[in-house]
$ cat my_file_17.cif   # mmCIF, N, CA and C atoms
data_my_file
#
loop_
_atom_site.label_atom_id
_atom_site.label_comp_id
_atom_site.auth_asym_id
_atom_site.auth_seq_id
_atom_site.Cartn_x
_atom_site.Cartn_y
_atom_site.Cartn_z
N MET M 815 10.60 63.11 -43.89
CA MET M 815 11.31 61.89 -44.01
C MET M 815 12.02 61.52 -42.71
N GLU M 816 12.42 62.50 -42.05
CA GLU M 816 13.11 62.27 -40.79
C GLU M 816 12.18 61.59 -39.79
N GLY M 817 10.89 61.83 -39.83
CA GLY M 817 9.91 61.23 -38.94
C GLY M 817 9.73 59.74 -39.21
N THR M 818 9.79 59.34 -40.47
CA THR M 818 9.64 57.93 -40.78
C THR M 818 10.86 57.13 -40.36
N VAL M 819 12.02 57.74 -40.41
CA VAL M 819 13.24 57.06 -39.98
C VAL M 819 13.19 56.82 -38.47
N ARG M 820 12.72 57.82 -37.74
CA ARG M 820 12.61 57.67 -36.29
C ARG M 820 11.58 56.58 -35.94
N GLN M 821 10.49 56.55 -36.64
CA GLN M 821 9.48 55.52 -36.39
C GLN M 821 10.03 54.12 -36.67
N GLU M 822 10.81 54.02 -37.76
CA GLU M 822 11.43 52.73 -38.10
C GLU M 822 12.39 52.28 -37.00
N MET M 823 13.19 53.19 -36.47
CA MET M 823 14.15 52.86 -35.41
C MET M 823 13.41 52.46 -34.13
N PHE M 824 12.36 53.21 -33.84
CA PHE M 824 11.57 52.90 -32.65
C PHE M 824 10.94 51.51 -32.75
N ARG M 825 10.38 51.22 -33.91
CA ARG M 825 9.77 49.91 -34.12
C ARG M 825 10.83 48.79 -34.07
N SER M 826 11.99 49.02 -34.62
CA SER M 826 13.03 47.99 -34.62
C SER M 826 13.54 47.74 -33.19
N LEU M 827 13.50 48.73 -32.29
CA LEU M 827 13.91 48.55 -30.90
C LEU M 827 12.76 47.97 -30.06
N LEU M 828 11.55 48.30 -30.46
CA LEU M 828 10.40 47.87 -29.70
C LEU M 828 10.19 46.35 -29.78
N ARG M 829 10.41 45.73 -30.90
CA ARG M 829 10.21 44.30 -31.05
C ARG M 829 11.12 43.47 -30.14
N PRO M 830 12.42 43.69 -30.10
CA PRO M 830 13.26 42.89 -29.19
C PRO M 830 12.93 43.14 -27.72
N ILE M 831 12.57 44.39 -27.38
CA ILE M 831 12.22 44.69 -25.99
C ILE M 831 10.94 43.96 -25.61
N ALA M 832 9.96 43.94 -26.49
CA ALA M 832 8.70 43.24 -26.23
C ALA M 832 8.95 41.73 -26.11
N ALA M 833 9.79 41.19 -26.98
CA ALA M 833 10.11 39.77 -26.92
C ALA M 833 10.82 39.44 -25.61
N LEU M 834 11.76 40.28 -25.19
CA LEU M 834 12.49 40.08 -23.94
C LEU M 834 11.55 40.17 -22.74
N ALA M 835 10.63 41.11 -22.77
CA ALA M 835 9.66 41.25 -21.68
C ALA M 835 8.74 40.03 -21.63
N THR M 836 8.32 39.54 -22.77
CA THR M 836 7.47 38.35 -22.82
C THR M 836 8.20 37.13 -22.27
N LEU M 837 9.45 36.95 -22.68
CA LEU M 837 10.24 35.83 -22.18
C LEU M 837 10.48 35.94 -20.67
N SER M 838 10.72 37.15 -20.18
CA SER M 838 10.91 37.35 -18.75
C SER M 838 9.64 37.02 -17.98
N GLY M 839 8.51 37.43 -18.51
CA GLY M 839 7.23 37.12 -17.87
C GLY M 839 6.96 35.62 -17.85
N LEU M 840 7.23 34.95 -18.95
CA LEU M 840 7.05 33.50 -18.99
C LEU M 840 7.99 32.78 -18.01
N ALA M 841 9.22 33.25 -17.93
CA ALA M 841 10.18 32.64 -17.00
C ALA M 841 9.73 32.83 -15.55
N ALA M 842 9.23 34.03 -15.24
CA ALA M 842 8.75 34.29 -13.87
C ALA M 842 7.53 33.41 -13.57
N TYR M 843 6.62 33.30 -14.52
CA TYR M 843 5.44 32.47 -14.34
C TYR M 843 5.82 31.00 -14.13
N ALA M 844 6.75 30.51 -14.96
CA ALA M 844 7.19 29.12 -14.84
C ALA M 844 7.86 28.88 -13.49
N THR M 845 8.66 29.81 -13.03
CA THR M 845 9.34 29.66 -11.74
C THR M 845 8.31 29.60 -10.61
N ILE M 846 7.34 30.48 -10.65
CA ILE M 846 6.31 30.50 -9.61
C ILE M 846 5.50 29.20 -9.63
N MET M 847 5.14 28.74 -10.81
CA MET M 847 4.32 27.53 -10.91
C MET M 847 5.11 26.28 -10.50
N LEU M 848 6.38 26.21 -10.85
CA LEU M 848 7.18 25.03 -10.51
C LEU M 848 7.51 24.96 -9.02
N ARG M 849 7.63 26.10 -8.37
CA ARG M 849 7.98 26.11 -6.96
C ARG M 849 6.76 26.22 -6.05
N GLY M 850 5.60 26.46 -6.61
CA GLY M 850 4.39 26.64 -5.82
C GLY M 850 3.82 25.33 -5.33
N PRO M 851 2.64 25.40 -4.71
CA PRO M 851 2.02 24.21 -4.14
C PRO M 851 1.61 23.17 -5.19
N GLN M 852 1.46 23.56 -6.42
CA GLN M 852 1.12 22.64 -7.50
C GLN M 852 2.34 22.29 -8.35
N GLY M 853 3.52 22.62 -7.86
CA GLY M 853 4.74 22.48 -8.66
C GLY M 853 5.42 21.14 -8.57
N LEU M 854 6.76 21.19 -8.60
CA LEU M 854 7.57 19.98 -8.65
C LEU M 854 7.43 19.12 -7.40
N ASN M 855 7.32 19.77 -6.23
CA ASN M 855 7.15 18.98 -5.00
C ASN M 855 5.86 18.18 -5.03
N ALA M 856 4.79 18.80 -5.50
CA ALA M 856 3.51 18.10 -5.61
C ALA M 856 3.61 16.96 -6.62
N LEU M 857 4.33 17.20 -7.70
CA LEU M 857 4.51 16.16 -8.72
C LEU M 857 5.29 14.98 -8.15
N ALA M 858 6.35 15.27 -7.40
CA ALA M 858 7.14 14.20 -6.78
C ALA M 858 6.30 13.42 -5.77
N GLU M 859 5.47 14.11 -5.01
CA GLU M 859 4.60 13.45 -4.04
C GLU M 859 3.59 12.54 -4.74
N LYS M 860 3.05 13.01 -5.86
CA LYS M 860 2.10 12.20 -6.61
C LYS M 860 2.77 10.94 -7.16
N HIS M 861 4.01 11.07 -7.63
CA HIS M 861 4.74 9.91 -8.13
C HIS M 861 5.00 8.92 -6.99
N ARG M 862 5.30 9.42 -5.80
CA ARG M 862 5.53 8.56 -4.64
C ARG M 862 4.25 7.81 -4.29
N GLN M 863 3.13 8.53 -4.30
CA GLN M 863 1.84 7.90 -4.01
C GLN M 863 1.50 6.84 -5.06
N ILE M 864 1.80 7.13 -6.30
CA ILE M 864 1.52 6.16 -7.38
C ILE M 864 2.34 4.89 -7.16
N ARG M 865 3.64 5.05 -6.82
CA ARG M 865 4.48 3.88 -6.57
C ARG M 865 3.94 3.07 -5.39
N LEU M 866 3.52 3.76 -4.34
CA LEU M 866 2.97 3.08 -3.16
C LEU M 866 1.70 2.30 -3.51
N LEU M 867 0.81 2.93 -4.26
CA LEU M 867 -0.42 2.26 -4.67
C LEU M 867 -0.15 1.08 -5.60
N GLU M 868 0.84 1.23 -6.49
CA GLU M 868 1.20 0.12 -7.37
C GLU M 868 1.73 -1.06 -6.56
N GLU M 869 2.53 -0.76 -5.53
CA GLU M 869 3.07 -1.80 -4.66
C GLU M 869 1.94 -2.50 -3.89
N GLN M 870 1.01 -1.72 -3.36
CA GLN M 870 -0.12 -2.30 -2.65
C GLN M 870 -0.97 -3.16 -3.59
N ASN M 871 -1.15 -2.68 -4.80
CA ASN M 871 -1.92 -3.42 -5.80
C ASN M 871 -1.24 -4.75 -6.12
N ALA M 872 0.08 -4.74 -6.26
CA ALA M 872 0.82 -5.98 -6.53
C ALA M 872 0.68 -6.95 -5.35
N ASN M 873 0.77 -6.44 -4.13
CA ASN M 873 0.60 -7.30 -2.95
C ASN M 873 -0.79 -7.92 -2.91
N LEU M 874 -1.80 -7.12 -3.19
CA LEU M 874 -3.17 -7.63 -3.21
C LEU M 874 -3.36 -8.67 -4.32
N ALA M 875 -2.73 -8.45 -5.45
CA ALA M 875 -2.83 -9.42 -6.55
C ALA M 875 -2.20 -10.74 -6.14
N ARG M 876 -1.06 -10.69 -5.42
CA ARG M 876 -0.43 -11.92 -4.93
C ARG M 876 -1.34 -12.63 -3.92
N GLU M 877 -1.96 -11.86 -3.03
CA GLU M 877 -2.86 -12.46 -2.05
C GLU M 877 -4.06 -13.12 -2.74
N VAL M 878 -4.62 -12.47 -3.72
CA VAL M 878 -5.76 -13.03 -4.46
C VAL M 878 -5.34 -14.32 -5.14
N SER M 879 -4.17 -14.32 -5.75
CA SER M 879 -3.67 -15.52 -6.43
C SER M 879 -3.48 -16.67 -5.44
N ALA M 880 -2.90 -16.37 -4.28
CA ALA M 880 -2.69 -17.40 -3.26
C ALA M 880 -4.03 -17.95 -2.78
N LYS M 881 -5.01 -17.08 -2.59
CA LYS M 881 -6.32 -17.53 -2.13
C LYS M 881 -7.02 -18.37 -3.21
N LYS M 882 -6.85 -18.01 -4.46
CA LYS M 882 -7.43 -18.81 -5.54
C LYS M 882 -6.81 -20.20 -5.56
N GLN M 883 -5.49 -20.27 -5.36
CA GLN M 883 -4.82 -21.57 -5.32
C GLN M 883 -5.32 -22.39 -4.13
N ARG M 884 -5.50 -21.75 -2.99
CA ARG M 884 -6.00 -22.45 -1.81
C ARG M 884 -7.41 -22.99 -2.06
N ILE M 885 -8.25 -22.18 -2.67
CA ILE M 885 -9.61 -22.63 -3.00
C ILE M 885 -9.55 -23.82 -3.96
N GLN M 886 -8.66 -23.73 -4.93
CA GLN M 886 -8.50 -24.84 -5.90
C GLN M 886 -8.09 -26.12 -5.18
N ARG M 887 -7.14 -25.99 -4.24
CA ARG M 887 -6.70 -27.18 -3.48
C ARG M 887 -7.84 -27.71 -2.61
N LEU M 888 -8.60 -26.82 -1.99
CA LEU M 888 -9.71 -27.28 -1.15
C LEU M 888 -10.79 -27.98 -1.98
N GLN M 889 -10.96 -27.57 -3.20
CA GLN M 889 -11.96 -28.19 -4.06
C GLN M 889 -11.50 -29.54 -4.59
N ASN M 890 -10.20 -29.69 -4.86
CA ASN M 890 -9.73 -30.86 -5.60
C ASN M 890 -8.83 -31.82 -4.82
N ASP M 891 -8.27 -31.41 -3.70
CA ASP M 891 -7.30 -32.25 -2.99
C ASP M 891 -7.91 -32.79 -1.69
N PRO M 892 -8.17 -34.09 -1.62
CA PRO M 892 -8.79 -34.66 -0.42
C PRO M 892 -7.94 -34.47 0.84
N SER M 893 -6.62 -34.54 0.72
CA SER M 893 -5.79 -34.38 1.93
C SER M 893 -5.88 -32.95 2.47
N THR M 894 -5.98 -31.97 1.60
CA THR M 894 -6.16 -30.59 2.06
C THR M 894 -7.52 -30.43 2.71
N GLN M 895 -8.53 -31.05 2.14
CA GLN M 895 -9.87 -31.00 2.72
C GLN M 895 -9.85 -31.63 4.12
N GLU M 896 -9.16 -32.77 4.25
CA GLU M 896 -9.08 -33.46 5.53
C GLU M 896 -8.42 -32.59 6.58
N LEU M 897 -7.31 -31.96 6.23
CA LEU M 897 -6.62 -31.09 7.19
C LEU M 897 -7.50 -29.93 7.62
N GLU M 898 -8.22 -29.37 6.70
CA GLU M 898 -9.09 -28.23 7.02
C GLU M 898 -10.23 -28.67 7.94
N LEU M 899 -10.79 -29.83 7.68
CA LEU M 899 -11.86 -30.34 8.53
C LEU M 899 -11.34 -30.60 9.94
N GLN M 900 -10.11 -31.10 10.06
CA GLN M 900 -9.53 -31.34 11.38
C GLN M 900 -9.33 -30.02 12.12
N LYS M 901 -8.88 -29.01 11.39
CA LYS M 901 -8.70 -27.68 12.01
C LYS M 901 -10.02 -27.14 12.54
N LEU M 902 -11.08 -27.41 11.81
CA LEU M 902 -12.40 -26.91 12.20
C LEU M 902 -13.07 -27.78 13.27
N GLY M 903 -12.45 -28.92 13.60
CA GLY M 903 -12.98 -29.76 14.67
C GLY M 903 -13.97 -30.81 14.22
N PHE M 904 -14.06 -31.07 12.93
CA PHE M 904 -14.95 -32.11 12.44
C PHE M 904 -14.27 -33.47 12.54
N LEU M 905 -15.05 -34.51 12.76
CA LEU M 905 -14.53 -35.85 12.94
C LEU M 905 -14.95 -36.74 11.79
N HIS M 906 -14.31 -37.92 11.76
CA HIS M 906 -14.76 -38.95 10.81
C HIS M 906 -16.06 -39.56 11.32
N GLU M 907 -16.63 -40.36 10.54
CA GLU M 907 -17.95 -40.91 10.85
C GLU M 907 -17.97 -41.70 12.16
N HIS M 908 -16.95 -42.50 12.46
CA HIS M 908 -16.97 -43.34 13.64
C HIS M 908 -16.04 -42.84 14.74
N ASP M 909 -15.53 -41.65 14.64
CA ASP M 909 -14.64 -41.10 15.67
C ASP M 909 -15.46 -40.56 16.83
N THR M 910 -14.84 -40.56 18.01
CA THR M 910 -15.46 -40.00 19.20
C THR M 910 -14.59 -38.85 19.68
N GLN M 911 -15.22 -37.81 20.07
CA GLN M 911 -14.49 -36.63 20.53
C GLN M 911 -14.83 -36.38 21.99
N PHE M 912 -13.78 -36.16 22.81
CA PHE M 912 -13.97 -35.85 24.22
C PHE M 912 -13.52 -34.43 24.45
N ARG M 913 -14.37 -33.67 25.11
CA ARG M 913 -14.01 -32.30 25.46
C ARG M 913 -14.05 -32.19 26.97
N VAL M 914 -12.95 -31.74 27.53
CA VAL M 914 -12.86 -31.59 28.97
C VAL M 914 -12.93 -30.10 29.27
N THR M 915 -13.93 -29.74 30.04
CA THR M 915 -14.08 -28.34 30.41
C THR M 915 -13.88 -28.22 31.90
N GLY M 916 -13.61 -27.06 32.35
CA GLY M 916 -13.44 -26.85 33.78
C GLY M 916 -12.16 -26.10 34.06
N GLN M 917 -11.71 -26.25 35.29
CA GLN M 917 -10.56 -25.49 35.75
C GLN M 917 -9.28 -26.13 35.22
N HIS M 918 -8.37 -25.28 34.83
CA HIS M 918 -7.08 -25.74 34.33
C HIS M 918 -6.20 -26.12 35.52
N VAL M 919 -5.62 -27.31 35.49
CA VAL M 919 -4.78 -27.79 36.58
C VAL M 919 -3.33 -27.59 36.19
N THR M 920 -2.59 -26.90 37.05
CA THR M 920 -1.17 -26.68 36.77
C THR M 920 -0.37 -27.78 37.43
N PRO M 921 0.67 -28.26 36.76
CA PRO M 921 1.49 -29.32 37.34
C PRO M 921 2.29 -28.77 38.52
N PRO M 922 2.66 -29.63 39.49
CA PRO M 922 3.45 -29.16 40.63
C PRO M 922 4.82 -28.69 40.16
N SER M 923 5.42 -27.79 40.92
CA SER M 923 6.72 -27.26 40.54
C SER M 923 7.76 -28.37 40.62
N ALA M 924 8.82 -28.25 39.84
CA ALA M 924 9.83 -29.29 39.76
C ALA M 924 10.59 -29.47 41.05
N GLY M 925 10.87 -28.40 41.80
CA GLY M 925 11.67 -28.48 43.02
C GLY M 925 10.87 -28.84 44.24
N GLY M 926 9.58 -28.63 44.22
CA GLY M 926 8.76 -28.85 45.43
C GLY M 926 8.23 -30.27 45.49
N GLU M 927 7.71 -30.62 46.65
CA GLU M 927 7.13 -31.95 46.83
C GLU M 927 5.68 -31.92 46.35
N ALA M 928 5.26 -33.05 45.89
CA ALA M 928 3.87 -33.16 45.46
C ALA M 928 2.97 -33.27 46.67
N LYS M 929 1.90 -32.49 46.69
CA LYS M 929 0.96 -32.53 47.81
C LYS M 929 -0.20 -33.43 47.45
N PRO M 930 -0.63 -34.23 48.40
CA PRO M 930 -1.77 -35.10 48.09
C PRO M 930 -3.04 -34.27 47.92
N ALA M 931 -3.91 -34.75 47.06
CA ALA M 931 -5.17 -34.07 46.83
C ALA M 931 -6.08 -34.28 48.01
N VAL M 932 -6.73 -33.22 48.42
CA VAL M 932 -7.65 -33.30 49.54
C VAL M 932 -9.06 -33.33 48.98
N HIS M 933 -9.81 -34.37 49.37
CA HIS M 933 -11.18 -34.50 48.92
C HIS M 933 -12.11 -34.21 50.09
N PRO M 934 -12.95 -33.27 50.00
CA PRO M 934 -13.86 -32.98 51.12
C PRO M 934 -14.97 -33.99 51.26
#
$ encode --input "my_file_17.cif" --output "structure tokens"
Amino acid sequence: MEGTVRQEMFRSLLRPIAALATLSGLAAYATIMLRGPQGLNALAEKHRQIRLLEEQNANLAREVSAKKQRIQRLQNDPSTQELELQKLGFLHEHDTQFRVTGQHVTPPSAGGEAKPAVHP
């Protein structure tokens, strides 16, 4: 009978020790995983990257919206079409365009005298 009492005491001490060892092992594992290269720092970096990508996505969405509005104006607004054609150098049907090419002439300095042009 004395042997069964000792076994009972051993078993009753063994369970809390095993539970404590298991909890200690889990705590050590959690600490290593949270502080390691895949841990909290990596998680914070991923959240930062997500915020950055969301911001870039919002900027691109605004740009797309602005371009859609510009296309809509170019399709439907004659004054916008006219301005764009002028920017591109197109003329009206009866307009004449003069293009002067050659050397750029700089004006004489304000303090100096004007020199007459010499023609060879």
$ select_by_dssp --input "my_file_17.cif" --residues "chain M" --states "alpha helix (DSSP H)" --output "ChimeraX atom specification"
/M:816-849,854-890,892-902
$ atom_distance --input "my_file_17.cif" --atom1 "CA of Asn873 (chain M)" --atom2 "CA of Ile885 (chain M)"
18.4 Å
$ axis_aligned_box --input "my_file_17.cif" --around "region 872-877 of chain M" --padding-each-side "4 Å" --output "lines of an AutoDock Vina configuration file"
center_x = -1.6
center_y = -8.9
center_z = -4.3
size_x = 12.9
size_y = 16.4
size_z = 12.5
$ atom_distance --input "my_file_17.cif" --atom1 "atom C of Glu822 (chain M)" --atom2 "atom N of Ser838 (chain M)"
22.7 Å
$ atom_distance --input "my_file_17.cif" --atom1 "atom C of Met823 (chain M)" --atom2 "atom C of Gly839 (chain M)"
24.3 Å
